[in-house]
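Raw contents of final_17.cif, mmCIF, C-alpha atoms:
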data_data
#
loop_
_atom_site.group_PDB
_atom_site.id
_atom_site.type_symbol
_atom_site.label_atom_id
_atom_site.label_comp_id
_atom_site.auth_asym_id
_atom_site.auth_seq_id
_atom_site.Cartn_x
_atom_site.Cartn_y
_atom_site.Cartn_z
ATOM 1 C CA MET K 1 50.480 -105.669 -52.311
ATOM 2 C CA PRO K 2 53.165 -107.632 -54.201
ATOM 3 C CA ARG K 3 53.443 -107.208 -57.950
ATOM 4 C CA ILE K 4 54.152 -110.650 -59.371
ATOM 5 C CA ALA K 5 53.116 -110.674 -63.027
ATOM 6 C CA GLU K 6 52.858 -108.778 -66.286
ATOM 7 C CA PHE K 7 50.467 -109.219 -69.213
ATOM 8 C CA ALA K 8 51.601 -108.798 -72.812
ATOM 9 C CA LYS K 9 50.363 -109.598 -76.282
ATOM 10 C CA VAL K 10 51.645 -112.675 -78.057
ATOM 11 C CA SER K 11 53.474 -111.905 -81.304
ATOM 12 C CA PHE K 12 51.376 -111.073 -84.345
ATOM 13 C CA ASN K 13 52.554 -114.284 -86.037
ATOM 14 C CA GLN K 14 51.357 -116.409 -83.110
ATOM 15 C CA PHE K 15 48.006 -114.605 -83.009
ATOM 16 C CA GLU K 16 47.552 -114.867 -86.774
ATOM 17 C CA THR K 17 48.212 -118.627 -86.721
ATOM 18 C CA ALA K 18 45.783 -119.181 -83.839
ATOM 19 C CA TRP K 19 43.102 -116.965 -85.362
ATOM 20 C CA LYS K 20 43.320 -118.682 -88.760
ATOM 21 C CA ASN K 21 43.039 -122.075 -87.057
ATOM 22 C CA THR K 22 39.822 -120.893 -85.400
ATOM 23 C CA PHE K 23 38.169 -118.495 -87.885
ATOM 24 C CA LEU K 24 38.136 -117.764 -91.583
ATOM 25 C CA THR K 25 39.281 -114.143 -91.653
ATOM 26 C CA ASP K 26 41.374 -112.187 -94.128
ATOM 27 C CA ASP K 27 44.844 -110.971 -93.177
ATOM 28 C CA ALA K 28 43.883 -107.287 -92.953
ATOM 29 C CA GLU K 29 41.034 -108.108 -90.546
ATOM 30 C CA ILE K 30 43.346 -110.232 -88.391
ATOM 31 C CA ARG K 31 45.765 -107.288 -88.149
ATOM 32 C CA ARG K 32 42.896 -104.956 -87.103
ATOM 33 C CA ILE K 33 41.762 -107.460 -84.464
ATOM 34 C CA TYR K 34 45.311 -107.892 -83.148
ATOM 35 C CA ASP K 35 45.912 -104.140 -82.989
ATOM 36 C CA SER K 36 42.693 -103.685 -80.988
ATOM 37 C CA ILE K 37 43.589 -106.254 -78.299
ATOM 38 C CA ARG K 38 43.435 -104.651 -74.876
ATOM 39 C CA LEU K 39 45.579 -106.018 -72.053
ATOM 40 C CA PRO K 40 43.670 -107.300 -69.010
ATOM 41 C CA SER K 41 43.078 -104.771 -66.248
ATOM 42 C CA ARG K 42 41.298 -104.414 -62.918
ATOM 43 C CA ALA K 43 38.150 -102.270 -62.794
ATOM 44 C CA THR K 44 38.904 -100.838 -59.348
ATOM 45 C CA SER K 45 41.690 -100.965 -56.773
ATOM 46 C CA GLY K 46 39.595 -103.459 -54.782
ATOM 47 C CA SER K 47 39.078 -105.849 -57.706
ATOM 48 C CA ALA K 48 40.740 -109.245 -57.376
ATOM 49 C CA GLY K 49 40.259 -110.144 -61.034
ATOM 50 C CA TYR K 50 41.913 -108.806 -64.149
ATOM 51 C CA ASP K 51 39.249 -108.436 -66.834
ATOM 52 C CA PHE K 52 39.916 -109.851 -70.299
ATOM 53 C CA TYR K 53 38.194 -107.996 -73.142
ATOM 54 C CA THR K 54 36.916 -109.583 -76.323
ATOM 55 C CA PRO K 55 38.518 -108.187 -79.501
ATOM 56 C CA VAL K 56 35.451 -109.113 -81.615
ATOM 57 C CA ASP K 57 31.674 -109.311 -81.333
ATOM 58 C CA ILE K 58 30.486 -112.731 -80.175
ATOM 59 C CA SER K 59 26.997 -114.176 -80.559
ATOM 60 C CA LEU K 60 26.371 -117.427 -78.702
ATOM 61 C CA LYS K 61 23.131 -119.336 -79.163
ATOM 62 C CA PRO K 62 21.930 -121.596 -76.332
ATOM 63 C CA LYS K 63 24.204 -124.672 -75.954
ATOM 64 C CA GLU K 64 26.721 -123.195 -78.406
ATOM 65 C CA ASN K 65 30.416 -122.804 -77.593
ATOM 66 C CA PHE K 66 33.089 -120.422 -78.833
ATOM 67 C CA LEU K 67 36.892 -120.754 -78.748
ATOM 68 C CA LEU K 68 38.561 -117.371 -78.403
ATOM 69 C CA PRO K 69 42.289 -116.832 -78.935
ATOM 70 C CA THR K 70 42.766 -113.830 -76.626
ATOM 71 C CA GLY K 71 46.142 -112.720 -77.997
ATOM 72 C CA ILE K 72 47.312 -112.423 -74.375
ATOM 73 C CA ARG K 73 50.127 -114.072 -72.462
ATOM 74 C CA VAL K 74 51.312 -113.536 -68.899
ATOM 75 C CA ARG K 75 54.708 -113.731 -67.246
ATOM 76 C CA MET K 76 54.594 -114.378 -63.498
ATOM 77 C CA GLU K 77 56.969 -115.102 -60.678
ATOM 78 C CA ASP K 78 57.600 -118.639 -59.437
ATOM 79 C CA GLY K 79 54.997 -119.954 -57.037
ATOM 80 C CA TRP K 80 52.009 -118.301 -58.725
ATOM 81 C CA PHE K 81 49.374 -119.272 -61.292
ATOM 82 C CA LEU K 82 46.535 -117.438 -63.020
ATOM 83 C CA GLY K 83 43.008 -118.817 -62.618
ATOM 84 C CA VAL K 84 40.710 -117.751 -65.475
ATOM 85 C CA MET K 85 36.932 -117.822 -65.019
ATOM 86 C CA PRO K 86 33.860 -116.180 -66.596
ATOM 87 C CA LYS K 87 32.699 -112.813 -65.340
ATOM 88 C CA SER K 88 30.107 -113.545 -62.669
ATOM 89 C CA GLY K 89 27.476 -111.262 -64.223
ATOM 90 C CA LEU K 90 27.558 -113.226 -67.480
ATOM 91 C CA GLY K 91 27.286 -116.458 -65.506
ATOM 92 C CA PHE K 92 24.266 -115.242 -63.533
ATOM 93 C CA LYS K 93 22.415 -113.601 -66.416
ATOM 94 C CA TYR K 94 23.219 -116.038 -69.238
ATOM 95 C CA ARG K 95 24.731 -119.131 -67.602
ATOM 96 C CA LEU K 96 27.957 -118.474 -69.505
ATOM 97 C CA GLN K 97 30.559 -121.052 -68.532
ATOM 98 C CA MET K 98 34.018 -122.054 -69.614
ATOM 99 C CA ASP K 99 34.309 -125.543 -71.074
ATOM 100 C CA ASN K 100 37.103 -126.393 -68.619
ATOM 101 C CA THR K 101 35.296 -124.690 -65.697
ATOM 102 C CA ILE K 102 38.359 -122.708 -64.564
ATOM 103 C CA GLY K 103 41.435 -122.280 -66.698
ATOM 104 C CA ILE K 104 44.751 -122.727 -64.908
ATOM 105 C CA ILE K 105 47.631 -120.811 -66.472
ATOM 106 C CA ASP K 106 50.908 -122.085 -65.030
ATOM 107 C CA GLY K 107 53.917 -119.803 -64.735
ATOM 108 C CA ASP K 108 55.981 -121.848 -67.171
ATOM 109 C CA TYR K 109 53.255 -121.678 -69.863
ATOM 110 C CA TYR K 110 54.740 -118.301 -70.851
ATOM 111 C CA TYR K 111 57.677 -120.184 -72.385
ATOM 112 C CA SER K 112 55.640 -122.738 -74.375
ATOM 113 C CA ASP K 113 55.787 -123.157 -78.151
ATOM 114 C CA ASN K 114 52.714 -120.951 -78.593
ATOM 115 C CA GLU K 115 54.247 -118.141 -76.467
ATOM 116 C CA GLY K 116 51.816 -118.882 -73.627
ATOM 117 C CA HIS K 117 48.847 -117.762 -75.717
ATOM 118 C CA ILE K 118 45.752 -117.847 -73.479
ATOM 119 C CA PHE K 119 42.620 -119.278 -75.096
ATOM 120 C CA VAL K 120 39.161 -119.379 -73.564
ATOM 121 C CA CYS K 121 36.384 -121.716 -74.654
ATOM 122 C CA LEU K 122 33.005 -120.346 -73.642
ATOM 123 C CA MET K 123 29.684 -122.207 -73.513
ATOM 124 C CA ASN K 124 26.227 -120.644 -73.374
ATOM 125 C CA GLU K 125 24.353 -122.993 -71.027
ATOM 126 C CA GLY K 126 21.350 -120.660 -70.879
ATOM 127 C CA ASP K 127 18.172 -120.514 -72.915
ATOM 128 C CA LYS K 128 18.699 -117.184 -74.695
ATOM 129 C CA VAL K 129 21.180 -115.831 -77.214
ATOM 130 C CA LEU K 130 24.152 -114.108 -75.607
ATOM 131 C CA GLU K 131 25.452 -111.062 -77.491
ATOM 132 C CA ILE K 132 28.877 -109.820 -76.432
ATOM 133 C CA LYS K 133 30.241 -106.707 -78.099
ATOM 134 C CA LYS K 134 33.853 -106.005 -79.003
ATOM 135 C CA GLY K 135 35.572 -104.537 -75.954
ATOM 136 C CA ASP K 136 33.207 -106.152 -73.423
ATOM 137 C CA ARG K 137 34.701 -107.855 -70.392
ATOM 138 C CA ILE K 138 34.282 -111.592 -70.895
ATOM 139 C CA VAL K 139 36.445 -113.494 -68.390
ATOM 140 C CA GLN K 140 38.612 -112.555 -65.450
ATOM 141 C CA GLY K 141 41.953 -113.809 -64.252
ATOM 142 C CA ILE K 142 42.948 -114.004 -60.600
ATOM 143 C CA PHE K 143 46.548 -114.598 -59.514
ATOM 144 C CA MET K 144 46.950 -117.174 -56.774
ATOM 145 C CA PRO K 145 49.972 -118.640 -55.013
ATOM 146 C CA PHE K 146 50.500 -122.388 -54.831
ATOM 147 C CA LEU K 147 52.540 -124.680 -52.617
ATOM 148 C CA ILE K 148 54.259 -128.015 -53.237
ATOM 149 C CA THR K 149 54.649 -131.165 -51.164
ATOM 150 C CA ASP K 150 57.748 -132.037 -49.136
ATOM 151 C CA ASP K 151 58.310 -135.088 -51.339
ATOM 152 C CA ASP K 152 57.834 -133.301 -54.670
ATOM 153 C CA LYS K 153 59.968 -135.027 -57.334
ATOM 154 C CA THR K 154 59.673 -132.550 -60.225
ATOM 155 C CA THR K 155 63.066 -132.079 -61.831
ATOM 156 C CA ASP K 156 62.064 -129.715 -64.646
ATOM 157 C CA ILE K 157 63.537 -126.251 -64.398
#
Once you've parsed the file, please lay out its structure as structure tokens.
Amino acid sequence: MPRIAEFAKVSFNQFETAWKNTFLTDDAEIRRIYDSIRLPSRATSGSAGYDFYTPVDISLKPKENFLLPTGIRVRMEDGWFLGVMPKSGLGFKYRLQMDNTIGIIDGDYYYSDNEGHIFVCLMNEGDKVLEIKKGDRIVQGIFMPFLITDDDKTTDI
């Protein structure tokens, strides 16, 4: 199986900025959260998805949403993208969805101003409170190849 990508943390400064824009947390707590970030991984050798783990407890009431700066970025080879979607068990049990349905992380996002910081916005579409504990698997990313048209005119490098 080809190896085409590598996950890494964004810098602490990038994470701190994103976290402060989302939550009111003191600097020492942000450092503890950052240090506890776990890189995505597959549960088994047959798993297609790389599980993302939440670095904090999350409580979502019905119809409530939550924007999570994951602290993760991914470098991948040309011709690939990362599709990010909720874990199917959370979708079945709680109707957890992502606000943008499936997140598409393009290969060149790694080089963006925010270091390719992956955010997920989750929505509890169910009728009961969803409690997710720190370290729980929350979304999964699947690497997929893409093709382009014969008449593609993109000139960006």
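A straight line drawn from atom CA of K:Met123 to atom CA of K:Leu67 is 9.0 Å long.
Shell of K:Thr70 at 9 Å, with all atoms listed in the file counted and residues fewer than 5 places along the chain excluded, is Lys9, Phe15, Ile37, Phe52, Tyr53, Thr54, Pro55, His117, Ile118, Phe119 and Val120 of chain K.
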Calculate, to one decimal in Å, the centre and edge lengths of the box along x, y and z of the file that holds all listed atoms of stretch 11-16 of chain K with 6 Å of margin on each side, and present them as AutoDock Vina command-line options.
--center_x 50.5 --center_y -113.7 --center_z -84.0 --size_x 17.9 --size_y 17.3 --size_z 17.5
Using all atoms listed in the file, find the one residue out of K:Ser59, K:Asn114, K:Asn100, K:Thr149 that sits nearest to K:Ile132. K:Ser59
Apply the PyMOL selection byres ((chain K and resi 63) around 10) to the file shown and report the selected residues as a ChimeraX atom specification. /K:60-62,64-65,96,123-129
Take the point (51.5, -109.8, -53.4) in the file's coordinates, draw a sphere of radius 10 Å around it, and report as a PyMOL selection string every protein, DNA or RNA residue with an atom inside or on it, counting all atoms listed in the file. chain K and resi 1-5+143-145
Dump of C-alpha atoms for the selected residues, as an mmCIF file, in the coordinates of the input:
data_model
loop_
_atom_site.group_PDB
_atom_site.id
_atom_site.type_symbol
_atom_site.label_atom_id
_atom_site.label_comp_id
_atom_site.auth_asym_id
_atom_site.auth_seq_id
_atom_site.Cartn_x
_atom_site.Cartn_y
_atom_site.Cartn_z
ATOM 1 C CA MET K 1 50.480 -105.669 -52.311
ATOM 2 C CA PRO K 2 53.165 -107.632 -54.201
ATOM 3 C CA ARG K 3 53.443 -107.208 -57.950
ATOM 4 C CA ILE K 4 54.152 -110.650 -59.371
ATOM 5 C CA ALA K 5 53.116 -110.674 -63.027
ATOM 6 C CA PHE K 143 46.548 -114.598 -59.514
ATOM 7 C CA MET K 144 46.950 -117.174 -56.774
ATOM 8 C CA PRO K 145 49.972 -118.640 -55.013
#
Name the residues in contact with stretch 77-86 of chain K at a cut-off of 10 Å, using only C-alpha atoms, excluding same-chain residues fewer than 2 positions from it; report them as a ChimeraX atom specification. /K:3-6,49-52,74-75,88-91,95-98,100-109,118-120,122,137-148
Run the PyMOL selection byres ((chain K and resi 39) around 7) against the file shown and list the residues it catches, as a PyMOL selection string. chain K and resi 7-8+37-38+40-41
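Between atom CA of K:Gly116 and atom CA of K:Asp150 the separation is 28.4 Å.
Proximity of K:Tyr94, K:Lys134, K:Glu115, K:Thr17 to K:Ile33, computed with only C-alpha atoms, is greatest for K:Lys134.
Picture a line from atom CA of K:Lys20 to atom CA of K:Phe66; it runs 14.4 Å.
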Find the spatial neighbours of stretch 27-32 of chain K, counting all atoms listed in the file, within a cut-off of 12 Å - ignore same-chain residues fewer than 4 positions away - and output them as JSON, numbers by chain. {"K": [11, 12, 13, 14, 15, 16, 17, 18, 19, 20, 21, 22, 23, 36, 37, 55, 56, 69, 71]}
Shortest interatomic distance to K:Tyr110 - which of K:Ile58, K:Leu24, K:Asp136, K:Met76, counting all atoms listed in the file: K:Met76
Just write stretch 89-141 of chain K with C-alpha atoms, as a PDB file, in the first residue's frame, taken from the block above.
ATOM      1  CA  GLY K  89     -20.913   5.105  15.457  1.00  0.00           C
ATOM      2  CA  LEU K  90     -21.446   8.676  16.656  1.00  0.00           C
ATOM      3  CA  GLY K  91     -23.584   9.356  13.593  1.00  0.00           C
ATOM      4  CA  PHE K  92     -25.768   6.295  14.181  1.00  0.00           C
ATOM      5  CA  LYS K  93     -26.137   6.661  17.944  1.00  0.00           C
ATOM      6  CA  TYR K  94     -26.355  10.457  18.257  1.00  0.00           C
ATOM      7  CA  ARG K  95     -26.863  11.809  14.730  1.00  0.00           C
ATOM      8  CA  LEU K  96     -23.550  13.649  15.033  1.00  0.00           C
ATOM      9  CA  GLN K  97     -22.788  15.444  11.783  1.00  0.00           C
ATOM     10  CA  MET K  98     -20.231  17.878  10.486  1.00  0.00           C
ATOM     11  CA  ASP K  99     -21.594  21.271   9.477  1.00  0.00           C
ATOM     12  CA  ASN K 100     -19.965  20.959   6.041  1.00  0.00           C
ATOM     13  CA  THR K 101     -20.989  17.281   5.691  1.00  0.00           C
ATOM     14  CA  ILE K 102     -17.512  16.100   4.636  1.00  0.00           C
ATOM     15  CA  GLY K 103     -14.415  18.208   5.042  1.00  0.00           C
ATOM     16  CA  ILE K 104     -12.054  18.246   2.073  1.00  0.00           C
ATOM     17  CA  ILE K 105      -8.429  18.921   2.979  1.00  0.00           C
ATOM     18  CA  ASP K 106      -6.481  19.733  -0.182  1.00  0.00           C
ATOM     19  CA  GLY K 107      -2.792  18.920  -0.452  1.00  0.00           C
ATOM     20  CA  ASP K 108      -1.787  22.563  -0.750  1.00  0.00           C
ATOM     21  CA  TYR K 109      -3.677  23.506   2.452  1.00  0.00           C
ATOM     22  CA  TYR K 110      -0.559  22.408   4.363  1.00  0.00           C
ATOM     23  CA  TYR K 111       1.159  25.580   3.132  1.00  0.00           C
ATOM     24  CA  SER K 112      -1.634  28.034   4.032  1.00  0.00           C
ATOM     25  CA  ASP K 113      -1.253  30.966   6.421  1.00  0.00           C
ATOM     26  CA  ASN K 114      -2.673  28.909   9.295  1.00  0.00           C
ATOM     27  CA  GLU K 115      -0.194  26.043   8.659  1.00  0.00           C
ATOM     28  CA  GLY K 116      -2.992  23.844   7.296  1.00  0.00           C
ATOM     29  CA  HIS K 117      -4.677  23.674  10.698  1.00  0.00           C
ATOM     30  CA  ILE K 118      -7.627  21.263  10.415  1.00  0.00           C
ATOM     31  CA  PHE K 119     -10.819  22.396  12.148  1.00  0.00           C
ATOM     32  CA  VAL K 120     -13.998  20.376  12.516  1.00  0.00           C
ATOM     33  CA  CYS K 121     -17.419  21.846  13.220  1.00  0.00           C
ATOM     34  CA  LEU K 122     -19.710  19.241  14.734  1.00  0.00           C
ATOM     35  CA  MET K 123     -23.501  19.392  15.071  1.00  0.00           C
ATOM     36  CA  ASN K 124     -25.650  17.242  17.346  1.00  0.00           C
ATOM     37  CA  GLU K 125     -28.741  16.608  15.204  1.00  0.00           C
ATOM     38  CA  GLY K 126     -30.110  14.080  17.698  1.00  0.00           C
ATOM     39  CA  ASP K 127     -32.478  14.451  20.616  1.00  0.00           C
ATOM     40  CA  LYS K 128     -30.099  13.648  23.484  1.00  0.00           C
ATOM     41  CA  VAL K 129     -26.984  15.236  24.934  1.00  0.00           C
ATOM     42  CA  LEU K 130     -23.776  13.872  23.439  1.00  0.00           C
ATOM     43  CA  GLU K 131     -20.873  13.556  25.886  1.00  0.00           C
ATOM     44  CA  ILE K 132     -17.459  13.021  24.318  1.00  0.00           C
ATOM     45  CA  LYS K 133     -14.495  12.530  26.620  1.00  0.00           C
ATOM     46  CA  LYS K 134     -10.955  13.765  26.068  1.00  0.00           C
ATOM     47  CA  GLY K 135      -9.122  11.198  23.956  1.00  0.00           C
ATOM     48  CA  ASP K 136     -12.275   9.808  22.303  1.00  0.00           C
ATOM     49  CA  ARG K 137     -12.260   9.274  18.557  1.00  0.00           C
ATOM     50  CA  ILE K 138     -14.473  11.958  17.040  1.00  0.00           C
ATOM     51  CA  VAL K 139     -13.926  12.117  13.266  1.00  0.00           C
ATOM     52  CA  GLN K 140     -11.971  10.107  10.745  1.00  0.00           C
ATOM     53  CA  GLY K 141      -9.929  11.093   7.740  1.00  0.00           C
TER      54      GLY K 141
END
